[in-house]
$ cat work.pdb   # PDB, C-alpha atoms, pLDDT in the B column
ATOM      1  CA  MET A   1      80.201 -23.966 -35.076  1.00 48.00           C
ATOM      2  CA  PRO A   2      83.557 -24.866 -33.537  1.00 53.00           C
ATOM      3  CA  ALA A   3      83.437 -26.186 -30.013  1.00 51.00           C
ATOM      4  CA  ARG A   4      85.180 -23.112 -28.589  1.00 53.00           C
ATOM      5  CA  HIS A   5      82.606 -20.787 -30.183  1.00 47.00           C
ATOM      6  CA  SER A   6      79.749 -22.931 -28.790  1.00 43.00           C
ATOM      7  CA  GLU A   7      81.202 -22.818 -25.292  1.00 48.00           C
ATOM      8  CA  THR A   8      81.644 -19.042 -25.515  1.00 47.00           C
ATOM      9  CA  ALA A   9      78.061 -18.594 -26.696  1.00 39.00           C
ATOM     10  CA  ALA A  10      76.780 -20.780 -23.856  1.00 41.00           C
ATOM     11  CA  VAL A  11      78.727 -18.759 -21.293  1.00 49.00           C
ATOM     12  CA  GLU A  12      77.388 -15.498 -22.752  1.00 48.00           C
ATOM     13  CA  LEU A  13      73.850 -16.898 -22.656  1.00 50.00           C
ATOM     14  CA  ARG A  14      74.197 -17.878 -19.010  1.00 72.00           C
ATOM     15  CA  ALA A  15      75.622 -14.450 -18.160  1.00 73.00           C
ATOM     16  CA  ASP A  16      72.759 -12.768 -19.996  1.00 78.00           C
ATOM     17  CA  ALA A  17      70.219 -14.911 -18.135  1.00 79.00           C
ATOM     18  CA  ARG A  18      71.834 -14.069 -14.787  1.00 84.00           C
ATOM     19  CA  ASP A  19      71.792 -10.375 -15.671  1.00 88.00           C
ATOM     20  CA  ASN A  20      68.110 -10.525 -16.625  1.00 88.00           C
ATOM     21  CA  ARG A  21      67.258 -12.332 -13.407  1.00 90.00           C
ATOM     22  CA  HIS A  22      69.131  -9.777 -11.319  1.00 89.00           C
ATOM     23  CA  ARG A  23      67.431  -6.848 -13.073  1.00 92.00           C
ATOM     24  CA  ILE A  24      63.997  -8.445 -12.653  1.00 93.00           C
ATOM     25  CA  LEU A  25      64.536  -8.992  -8.929  1.00 92.00           C
ATOM     26  CA  GLU A  26      65.798  -5.438  -8.412  1.00 92.00           C
ATOM     27  CA  ALA A  27      62.889  -3.982 -10.392  1.00 94.00           C
ATOM     28  CA  ALA A  28      60.364  -6.106  -8.500  1.00 92.00           C
ATOM     29  CA  ARG A  29      61.915  -5.164  -5.156  1.00 89.00           C
ATOM     30  CA  GLU A  30      61.586  -1.460  -5.969  1.00 87.00           C
ATOM     31  CA  ALA A  31      58.061  -1.855  -7.333  1.00 89.00           C
ATOM     32  CA  PHE A  32      56.803  -3.913  -4.391  1.00 87.00           C
ATOM     33  CA  ALA A  33      58.344  -1.484  -1.910  1.00 80.00           C
ATOM     34  CA  THR A  34      56.568   1.518  -3.408  1.00 77.00           C
ATOM     35  CA  ARG A  35      53.381   0.079  -4.953  1.00 78.00           C
ATOM     36  CA  GLY A  36      52.676  -3.133  -3.045  1.00 78.00           C
ATOM     37  CA  LEU A  37      52.470  -6.719  -4.246  1.00 84.00           C
ATOM     38  CA  ASP A  38      49.649  -6.106  -6.715  1.00 85.00           C
ATOM     39  CA  VAL A  39      51.833  -4.173  -9.136  1.00 89.00           C
ATOM     40  CA  PRO A  40      51.295  -5.667 -12.638  1.00 92.00           C
ATOM     41  CA  MET A  41      53.922  -8.132 -13.768  1.00 93.00           C
ATOM     42  CA  ALA A  42      54.151  -6.190 -17.045  1.00 93.00           C
ATOM     43  CA  ALA A  43      55.125  -3.086 -15.065  1.00 93.00           C
ATOM     44  CA  VAL A  44      57.906  -5.060 -13.358  1.00 94.00           C
ATOM     45  CA  ALA A  45      59.142  -6.248 -16.749  1.00 94.00           C
ATOM     46  CA  ARG A  46      59.182  -2.687 -18.127  1.00 94.00           C
ATOM     47  CA  ARG A  47      61.074  -1.437 -15.077  1.00 94.00           C
ATOM     48  CA  ALA A  48      63.617  -4.247 -15.528  1.00 93.00           C
ATOM     49  CA  GLY A  49      63.997  -3.552 -19.249  1.00 94.00           C
ATOM     50  CA  VAL A  50      62.980  -7.074 -20.294  1.00 92.00           C
ATOM     51  CA  GLY A  51      60.033  -8.567 -22.106  1.00 92.00           C
ATOM     52  CA  VAL A  52      57.119 -10.067 -20.222  1.00 93.00           C
ATOM     53  CA  ALA A  53      57.936 -13.460 -21.715  1.00 92.00           C
ATOM     54  CA  THR A  54      61.472 -13.233 -20.303  1.00 92.00           C
ATOM     55  CA  LEU A  55      60.086 -12.397 -16.860  1.00 93.00           C
ATOM     56  CA  TYR A  56      57.749 -15.395 -16.913  1.00 92.00           C
ATOM     57  CA  ARG A  57      60.533 -17.706 -18.054  1.00 90.00           C
ATOM     58  CA  ARG A  58      62.494 -16.758 -14.943  1.00 90.00           C
ATOM     59  CA  PHE A  59      59.467 -16.505 -12.611  1.00 91.00           C
ATOM     60  CA  PRO A  60      56.402 -18.379 -13.885  1.00 91.00           C
ATOM     61  CA  SER A  61      54.044 -16.815 -11.302  1.00 88.00           C
ATOM     62  CA  ARG A  62      53.704 -13.734  -9.139  1.00 88.00           C
ATOM     63  CA  GLU A  63      54.097 -16.019  -6.133  1.00 88.00           C
ATOM     64  CA  SER A  64      57.495 -17.250  -7.265  1.00 90.00           C
ATOM     65  CA  LEU A  65      58.682 -13.674  -7.867  1.00 92.00           C
ATOM     66  CA  VAL A  66      57.381 -12.319  -4.550  1.00 90.00           C
ATOM     67  CA  THR A  67      58.857 -15.120  -2.464  1.00 89.00           C
ATOM     68  CA  GLU A  68      62.248 -14.803  -4.171  1.00 89.00           C
ATOM     69  CA  VAL A  69      62.312 -11.022  -3.685  1.00 89.00           C
ATOM     70  CA  PHE A  70      61.523 -11.269   0.029  1.00 87.00           C
ATOM     71  CA  ALA A  71      63.451 -14.431   0.894  1.00 85.00           C
ATOM     72  CA  ASP A  72      66.252 -12.477   2.593  1.00 83.00           C
ATOM     73  CA  GLN A  73      63.824 -10.330   4.607  1.00 84.00           C
ATOM     74  CA  MET A  74      61.928 -13.417   5.730  1.00 86.00           C
ATOM     75  CA  ALA A  75      65.180 -15.018   6.843  1.00 86.00           C
ATOM     76  CA  ALA A  76      66.116 -11.813   8.702  1.00 86.00           C
ATOM     77  CA  CYS A  77      62.737 -11.820  10.430  1.00 87.00           C
ATOM     78  CA  GLY A  78      63.267 -15.420  11.510  1.00 88.00           C
ATOM     79  CA  SER A  79      66.735 -14.560  12.791  1.00 90.00           C
ATOM     80  CA  ALA A  80      65.330 -11.658  14.819  1.00 91.00           C
ATOM     81  CA  VAL A  81      62.876 -14.017  16.500  1.00 93.00           C
ATOM     82  CA  GLU A  82      65.595 -16.594  17.210  1.00 94.00           C
ATOM     83  CA  GLU A  83      67.802 -13.919  18.775  1.00 94.00           C
ATOM     84  CA  ALA A  84      64.864 -12.801  20.913  1.00 94.00           C
ATOM     85  CA  LEU A  85      64.288 -16.347  22.141  1.00 95.00           C
ATOM     86  CA  ALA A  86      67.926 -16.467  23.227  1.00 96.00           C
ATOM     87  CA  ASP A  87      67.514 -13.282  25.265  1.00 97.00           C
ATOM     88  CA  PRO A  88      67.124 -14.087  28.991  1.00 97.00           C
ATOM     89  CA  ASP A  89      64.902 -11.005  29.460  1.00 98.00           C
ATOM     90  CA  PRO A  90      61.421 -11.940  28.100  1.00 97.00           C
ATOM     91  CA  TRP A  91      60.114  -8.369  27.898  1.00 97.00           C
ATOM     92  CA  ARG A  92      63.221  -7.057  26.167  1.00 97.00           C
ATOM     93  CA  ALA A  93      62.942  -9.956  23.719  1.00 97.00           C
ATOM     94  CA  PHE A  94      59.315  -9.103  22.925  1.00 97.00           C
ATOM     95  CA  GLN A  95      60.097  -5.415  22.591  1.00 96.00           C
ATOM     96  CA  THR A  96      63.064  -6.075  20.294  1.00 95.00           C
ATOM     97  CA  VAL A  97      61.036  -8.243  17.894  1.00 95.00           C
ATOM     98  CA  ILE A  98      58.293  -5.613  17.632  1.00 95.00           C
ATOM     99  CA  GLU A  99      60.790  -2.814  17.013  1.00 95.00           C
ATOM    100  CA  LYS A 100      62.762  -4.756  14.402  1.00 92.00           C
ATOM    101  CA  VAL A 101      59.718  -5.957  12.450  1.00 90.00           C
ATOM    102  CA  CYS A 102      58.224  -2.457  12.362  1.00 92.00           C
ATOM    103  CA  ALA A 103      61.570  -0.988  11.249  1.00 91.00           C
ATOM    104  CA  MET A 104      61.674  -3.553   8.436  1.00 87.00           C
ATOM    105  CA  GLN A 105      58.179  -2.476   7.429  1.00 86.00           C
ATOM    106  CA  VAL A 106      59.258   1.162   7.171  1.00 87.00           C
ATOM    107  CA  ALA A 107      62.281   0.176   5.085  1.00 83.00           C
ATOM    108  CA  ASP A 108      60.194  -1.938   2.711  1.00 80.00           C
ATOM    109  CA  GLN A 109      56.408  -1.711   2.775  1.00 73.00           C
ATOM    110  CA  GLY A 110      56.073  -4.677   0.465  1.00 80.00           C
ATOM    111  CA  PHE A 111      57.656  -7.028   2.986  1.00 80.00           C
ATOM    112  CA  THR A 112      54.825  -6.774   5.507  1.00 78.00           C
ATOM    113  CA  GLU A 113      52.274  -7.658   2.864  1.00 80.00           C
ATOM    114  CA  ALA A 114      54.450 -10.566   1.779  1.00 82.00           C
ATOM    115  CA  PHE A 115      54.851 -11.723   5.384  1.00 79.00           C
ATOM    116  CA  LEU A 116      51.099 -11.651   6.003  1.00 78.00           C
ATOM    117  CA  THR A 117      50.266 -13.437   2.763  1.00 80.00           C
ATOM    118  CA  ALA A 118      50.181 -17.216   2.432  1.00 76.00           C
ATOM    119  CA  PHE A 119      52.089 -18.736  -0.510  1.00 80.00           C
ATOM    120  CA  PRO A 120      51.235 -22.459  -0.298  1.00 73.00           C
ATOM    121  CA  GLU A 121      53.376 -23.479  -3.277  1.00 74.00           C
ATOM    122  CA  ALA A 122      56.518 -21.773  -1.948  1.00 79.00           C
ATOM    123  CA  ILE A 123      57.512 -24.517   0.472  1.00 79.00           C
ATOM    124  CA  ASP A 124      60.792 -23.041   1.725  1.00 83.00           C
ATOM    125  CA  TYR A 125      59.271 -19.582   2.157  1.00 84.00           C
ATOM    126  CA  GLU A 126      56.257 -20.964   4.026  1.00 83.00           C
ATOM    127  CA  ARG A 127      58.515 -23.048   6.241  1.00 86.00           C
ATOM    128  CA  GLU A 128      60.521 -19.930   7.158  1.00 86.00           C
ATOM    129  CA  ARG A 129      57.361 -17.948   7.781  1.00 85.00           C
ATOM    130  CA  SER A 130      55.834 -20.683   9.952  1.00 87.00           C
ATOM    131  CA  ARG A 131      59.064 -20.881  11.951  1.00 89.00           C
ATOM    132  CA  ALA A 132      58.967 -17.117  12.553  1.00 89.00           C
ATOM    133  CA  GLU A 133      55.311 -17.243  13.611  1.00 89.00           C
ATOM    134  CA  ALA A 134      55.910 -20.137  16.008  1.00 92.00           C
ATOM    135  CA  GLY A 135      58.944 -18.385  17.447  1.00 94.00           C
ATOM    136  CA  PHE A 136      56.990 -15.181  17.980  1.00 94.00           C
ATOM    137  CA  ALA A 137      54.281 -17.145  19.781  1.00 94.00           C
ATOM    138  CA  ASP A 138      57.010 -18.443  22.133  1.00 96.00           C
ATOM    139  CA  VAL A 139      58.293 -14.901  22.684  1.00 97.00           C
ATOM    140  CA  VAL A 140      54.752 -13.823  23.593  1.00 96.00           C
ATOM    141  CA  ARG A 141      54.277 -16.805  25.928  1.00 97.00           C
ATOM    142  CA  ARG A 142      57.548 -16.123  27.771  1.00 97.00           C
ATOM    143  CA  ALA A 143      56.716 -12.439  28.233  1.00 97.00           C
ATOM    144  CA  LYS A 144      53.292 -13.309  29.634  1.00 97.00           C
ATOM    145  CA  GLU A 145      54.672 -15.953  31.966  1.00 97.00           C
ATOM    146  CA  ALA A 146      57.177 -13.404  33.271  1.00 97.00           C
ATOM    147  CA  GLY A 147      54.268 -11.102  34.109  1.00 96.00           C
ATOM    148  CA  ARG A 148      55.559  -8.374  31.774  1.00 96.00           C
ATOM    149  CA  LEU A 149      53.151  -8.660  28.820  1.00 97.00           C
ATOM    150  CA  ARG A 150      49.430  -8.172  29.343  1.00 95.00           C
ATOM    151  CA  ALA A 151      47.599 -11.489  29.491  1.00 94.00           C
ATOM    152  CA  ASP A 152      45.069 -10.545  26.813  1.00 94.00           C
ATOM    153  CA  PHE A 153      47.680  -9.820  24.135  1.00 94.00           C
ATOM    154  CA  ALA A 154      46.809 -11.985  21.111  1.00 91.00           C
ATOM    155  CA  THR A 155      49.151 -12.951  18.284  1.00 85.00           C
ATOM    156  CA  ALA A 156      46.641 -11.302  15.932  1.00 84.00           C
ATOM    157  CA  ASP A 157      47.532  -8.036  17.657  1.00 90.00           C
ATOM    158  CA  LEU A 158      50.837  -8.160  15.765  1.00 89.00           C
ATOM    159  CA  VAL A 159      48.844  -7.932  12.534  1.00 87.00           C
ATOM    160  CA  LEU A 160      46.851  -5.040  14.007  1.00 88.00           C
ATOM    161  CA  LEU A 161      50.107  -3.296  14.910  1.00 90.00           C
ATOM    162  CA  LEU A 162      51.579  -3.824  11.445  1.00 88.00           C
ATOM    163  CA  ARG A 163      48.462  -2.494   9.755  1.00 86.00           C
ATOM    164  CA  ALA A 164      48.581   0.621  11.944  1.00 90.00           C
ATOM    165  CA  ASN A 165      52.286   1.063  11.285  1.00 90.00           C
ATOM    166  CA  CYS A 166      51.673   0.656   7.554  1.00 86.00           C
ATOM    167  CA  GLY A 167      49.898   4.013   7.436  1.00 85.00           C
ATOM    168  CA  VAL A 168      52.829   5.694   9.165  1.00 88.00           C
ATOM    169  CA  ALA A 169      55.332   3.902   6.920  1.00 85.00           C
ATOM    170  CA  ALA A 170      53.677   5.476   3.878  1.00 81.00           C
ATOM    171  CA  GLU A 171      54.796   8.942   4.987  1.00 85.00           C
ATOM    172  CA  PRO A 172      57.597  10.451   2.887  1.00 83.00           C
ATOM    173  CA  GLY A 173      61.240  10.505   3.902  1.00 82.00           C
ATOM    174  CA  GLU A 174      62.409  10.535   7.494  1.00 88.00           C
ATOM    175  CA  ALA A 175      58.872  11.206   8.766  1.00 91.00           C
ATOM    176  CA  ALA A 176      58.058   7.529   8.286  1.00 90.00           C
ATOM    177  CA  ALA A 177      60.896   6.280  10.494  1.00 91.00           C
ATOM    178  CA  VAL A 178      60.339   8.934  13.167  1.00 94.00           C
ATOM    179  CA  GLY A 179      56.579   8.408  13.243  1.00 94.00           C
ATOM    180  CA  SER A 180      56.940   4.638  13.338  1.00 94.00           C
ATOM    181  CA  ARG A 181      59.330   4.708  16.290  1.00 94.00           C
ATOM    182  CA  ARG A 182      56.932   6.920  18.229  1.00 95.00           C
ATOM    183  CA  LEU A 183      53.913   4.768  17.384  1.00 94.00           C
ATOM    184  CA  VAL A 184      55.757   1.596  18.402  1.00 95.00           C
ATOM    185  CA  ALA A 185      56.850   3.211  21.684  1.00 95.00           C
ATOM    186  CA  TYR A 186      53.246   4.150  22.474  1.00 94.00           C
ATOM    187  CA  LEU A 187      52.001   0.661  21.680  1.00 94.00           C
ATOM    188  CA  LEU A 188      54.733  -1.112  23.629  1.00 95.00           C
ATOM    189  CA  GLN A 189      53.745   0.879  26.693  1.00 94.00           C
ATOM    190  CA  SER A 190      50.135  -0.219  26.206  1.00 93.00           C
ATOM    191  CA  PHE A 191      51.245  -3.856  25.906  1.00 95.00           C
ATOM    192  CA  ARG A 192      52.788  -3.877  29.385  1.00 95.00           C
ATOM    193  CA  ALA A 193      50.999  -5.902  32.027  1.00 93.00           C
ATOM    194  CA  GLU A 194      51.268  -3.137  34.635  1.00 89.00           C
ATOM    195  CA  ASN A 195      47.908  -1.400  35.160  1.00 75.00           C
ATOM    196  CA  ALA A 196      46.457  -3.061  32.054  1.00 81.00           C
ATOM    197  CA  ALA A 197      42.730  -2.348  31.741  1.00 84.00           C
ATOM    198  CA  PRO A 198      40.380  -4.757  29.907  1.00 85.00           C
ATOM    199  CA  LEU A 199      40.298  -4.449  26.119  1.00 81.00           C
ATOM    200  CA  PRO A 200      37.636  -5.188  23.500  1.00 85.00           C
ATOM    201  CA  PRO A 201      37.985  -8.643  21.845  1.00 82.00           C
ATOM    202  CA  PRO A 202      40.894  -8.976  19.386  1.00 76.00           C
ATOM    203  CA  ALA A 203      40.221  -8.351  15.706  1.00 71.00           C
ATOM    204  CA  PRO A 204      39.869 -11.512  13.572  1.00 70.00           C
ATOM    205  CA  PHE A 205      43.025 -10.746  11.608  1.00 69.00           C
ATOM    206  CA  ARG A 206      45.017 -13.618  10.127  1.00 63.00           C
ATOM    207  CA  PHE A 207      48.526 -14.105   8.822  1.00 61.00           C
ATOM    208  CA  ASP A 208      47.280 -14.525   5.277  1.00 62.00           C
ATOM    209  CA  HIS A 209      45.093 -12.819   2.723  1.00 49.00           C
ATOM    210  CA  PRO A 210      42.661 -15.332   1.188  1.00 40.00           C
ATOM    211  CA  GLY A 211      41.898 -14.879  -2.438  1.00 37.00           C
ATOM    212  CA  ARG A 212      45.127 -13.115  -3.442  1.00 43.00           C
ATOM    213  CA  GLN A 213      46.023 -13.458  -7.076  1.00 41.00           C
ATOM    214  CA  THR A 214      49.418 -15.104  -7.281  1.00 38.00           C
ATOM    215  CA  SER A 215      49.748 -15.529 -11.019  1.00 38.00           C
TER     216      SER A 215
END

$ encode --input "work.pdb" --output "structure tokens"
Amino acid sequence: MPARHSETAAVELRADARDNRHRILEAAREAFATRGLDVPMAAVARRAGVGVATLYRRFPSRESLVTEVFADQMAACGSAVEEALADPDPWRAFQTVIEKVCAMQVADQGFTEAFLTAFPEAIDYERERSRAEAGFADVVRRAKEAGRLRADFATADLVLLLRANCGVAAEPGEAAAVGSRRLVAYLLQSFRAENAAPLPPPAPFRFDHPGRQTS
């Protein structure tokens, strides 16, 4: 084959590979948003219009696909926390993080599951997630020190909140967004330090789901 034909074929192959990758990511994003992270990889491949072998060539494990799909959302979550830490008003900062994270959950139910799941092999993703968690802990500390957030608020309460909001987020259409905003408003009022009555111990929730299948 002449050199020019070889170069053209290589360019076409690269373009085809990029197109397949884009379609896989879009299909996975839609599937995770509506069916959660446990959707079969074969179903993602069918939705993308590619073979399962092609999917696994691009993403050798479920973990690699999930972390790629939600990389932008994780970065946005980290940015929301950083912006909150720059806010001189500790309570407003805490409130803003809660509202933004819950709004993200309504927009994409799969993201919350991805955020709460540990992916040890995805180093960059885990680094971003750890940074967001540490930043949120600082937001909580500042709000408590300012006397605005109840002293018995635990970081695990964020998981509790997200799990509660998950049920609301499953509602169809605009009802999910409206219901979520109302739920968050109720909970934020209960998080205030003013007139806070004692609570039962926090639930033993964690920011990961042990035993998840990532392949």

$ atom_distance --input "work.pdb" --atom1 "CA of Val81 (chain A)" --atom2 "CA of Val178 (chain A)"
23.3 Å

$ residues_around --input "work.pdb" --residues "Cys166 (chain A)" --least-positions-apart "4" --cutoff "8 Å" --atoms "all atoms listed in the file" --output "PDB file with C-alpha atoms, keeping the file's coordinate frame"
ATOM      1  CA  GLN A 105      58.179  -2.476   7.429  1.00 86.00           C
ATOM      2  CA  VAL A 106      59.258   1.162   7.171  1.00 87.00           C
ATOM      3  CA  GLN A 109      56.408  -1.711   2.775  1.00 73.00           C
ATOM      4  CA  LEU A 162      51.579  -3.824  11.445  1.00 88.00           C
ATOM      5  CA  ALA A 170      53.677   5.476   3.878  1.00 81.00           C
TER       6      ALA A 170
END

$ residues_near_point --input "work.pdb" --point "(52.4, -6.8, 0.6)" --cutoff "10 Å" --atoms "only C-alpha atoms" --output "tab-separated table (two decimals) with C-alpha atoms, keeping the file's coordinate frame"
chain	number	residue	atom	x	y	z
A	32	PHE	CA	56.80	-3.91	-4.39
A	33	ALA	CA	58.34	-1.48	-1.91
A	35	ARG	CA	53.38	0.08	-4.95
A	36	GLY	CA	52.68	-3.13	-3.04
A	37	LEU	CA	52.47	-6.72	-4.25
A	38	ASP	CA	49.65	-6.11	-6.72
A	66	VAL	CA	57.38	-12.32	-4.55
A	105	GLN	CA	58.18	-2.48	7.43
A	108	ASP	CA	60.19	-1.94	2.71
A	109	GLN	CA	56.41	-1.71	2.78
A	110	GLY	CA	56.07	-4.68	0.46
A	111	PHE	CA	57.66	-7.03	2.99
A	112	THR	CA	54.82	-6.77	5.51
A	113	GLU	CA	52.27	-7.66	2.86
A	114	ALA	CA	54.45	-10.57	1.78
A	115	PHE	CA	54.85	-11.72	5.38
A	116	LEU	CA	51.10	-11.65	6.00
A	117	THR	CA	50.27	-13.44	2.76
A	209	HIS	CA	45.09	-12.82	2.72

$ closest_residue --input "work.pdb" --among "A:Phe136, A:Phe191, A:Phe153, A:Phe119" --to "Glu68 (chain A)" --atoms "only C-alpha atoms"
A:Phe119

$ closest_residue --input "work.pdb" --among "A:Gln189, A:Pro201, A:Ala176, A:Asp16" --to "Ala156 (chain A)" --atoms "all atoms listed in the file"
A:Pro201

$ residues_around --input "work.pdb" --residues "His22 (chain A)" --least-positions-apart "6" --cutoff "12 Å" --atoms "all atoms listed in the file" --output "list in words"
Ala15, Asp16, Ala28, Arg29, Ala45, Ala48, Gly49, Val50, Leu55, Arg58, Phe59, Leu65, Glu68 and Val69 of chain A

$ write_last_selection --input "work.pdb" --atoms "C-alpha atoms" --output "PDB file, in the coordinates of the input"
ATOM      1  CA  ALA A  15      75.622 -14.450 -18.160  1.00 73.00           C
ATOM      2  CA  ASP A  16      72.759 -12.768 -19.996  1.00 78.00           C
ATOM      3  CA  ALA A  28      60.364  -6.106  -8.500  1.00 92.00           C
ATOM      4  CA  ARG A  29      61.915  -5.164  -5.156  1.00 89.00           C
ATOM      5  CA  ALA A  45      59.142  -6.248 -16.749  1.00 94.00           C
ATOM      6  CA  ALA A  48      63.617  -4.247 -15.528  1.00 93.00           C
ATOM      7  CA  GLY A  49      63.997  -3.552 -19.249  1.00 94.00           C
ATOM      8  CA  VAL A  50      62.980  -7.074 -20.294  1.00 92.00           C
ATOM      9  CA  LEU A  55      60.086 -12.397 -16.860  1.00 93.00           C
ATOM     10  CA  ARG A  58      62.494 -16.758 -14.943  1.00 90.00           C
ATOM     11  CA  PHE A  59      59.467 -16.505 -12.611  1.00 91.00           C
ATOM     12  CA  LEU A  65      58.682 -13.674  -7.867  1.00 92.00           C
ATOM     13  CA  GLU A  68      62.248 -14.803  -4.171  1.00 89.00           C
ATOM     14  CA  VAL A  69      62.312 -11.022  -3.685  1.00 89.00           C
TER      15      VAL A  69
END

$ resolve_selection --input "work.pdb" --expression "the PyMOL selection byres ((chain A and resi 80) around 10)" --output "list in words"
Met74, Ala75, Ala76, Cys77, Gly78, Ser79, Val81, Glu82, Glu83, Ala84, Leu85, Ala93, Thr96, Val97, Ile98, Lys100, Val101, Ala132, Gly135 and Phe136 of chain A

$ closest_residue --input "work.pdb" --among "A:Leu149, A:Ala43, A:Leu183, A:Ala196" --to "Gly167 (chain A)" --atoms "all atoms listed in the file"
A:Leu183

$ closest_residue --input "work.pdb" --among "A:Ser190, A:Ala164, A:Thr67, A:Glu121" --to "Cys102 (chain A)" --atoms "all atoms listed in the file"
A:Ala164

$ axis_aligned_box --input "work.pdb" --around "region 122-135 of chain A" --padding-each-side "3 Å" --output "AutoDock Vina command-line options"
--center_x 58.1 --center_y -20.8 --center_z 7.7 --size_x 11.5 --size_y 13.4 --size_z 25.4
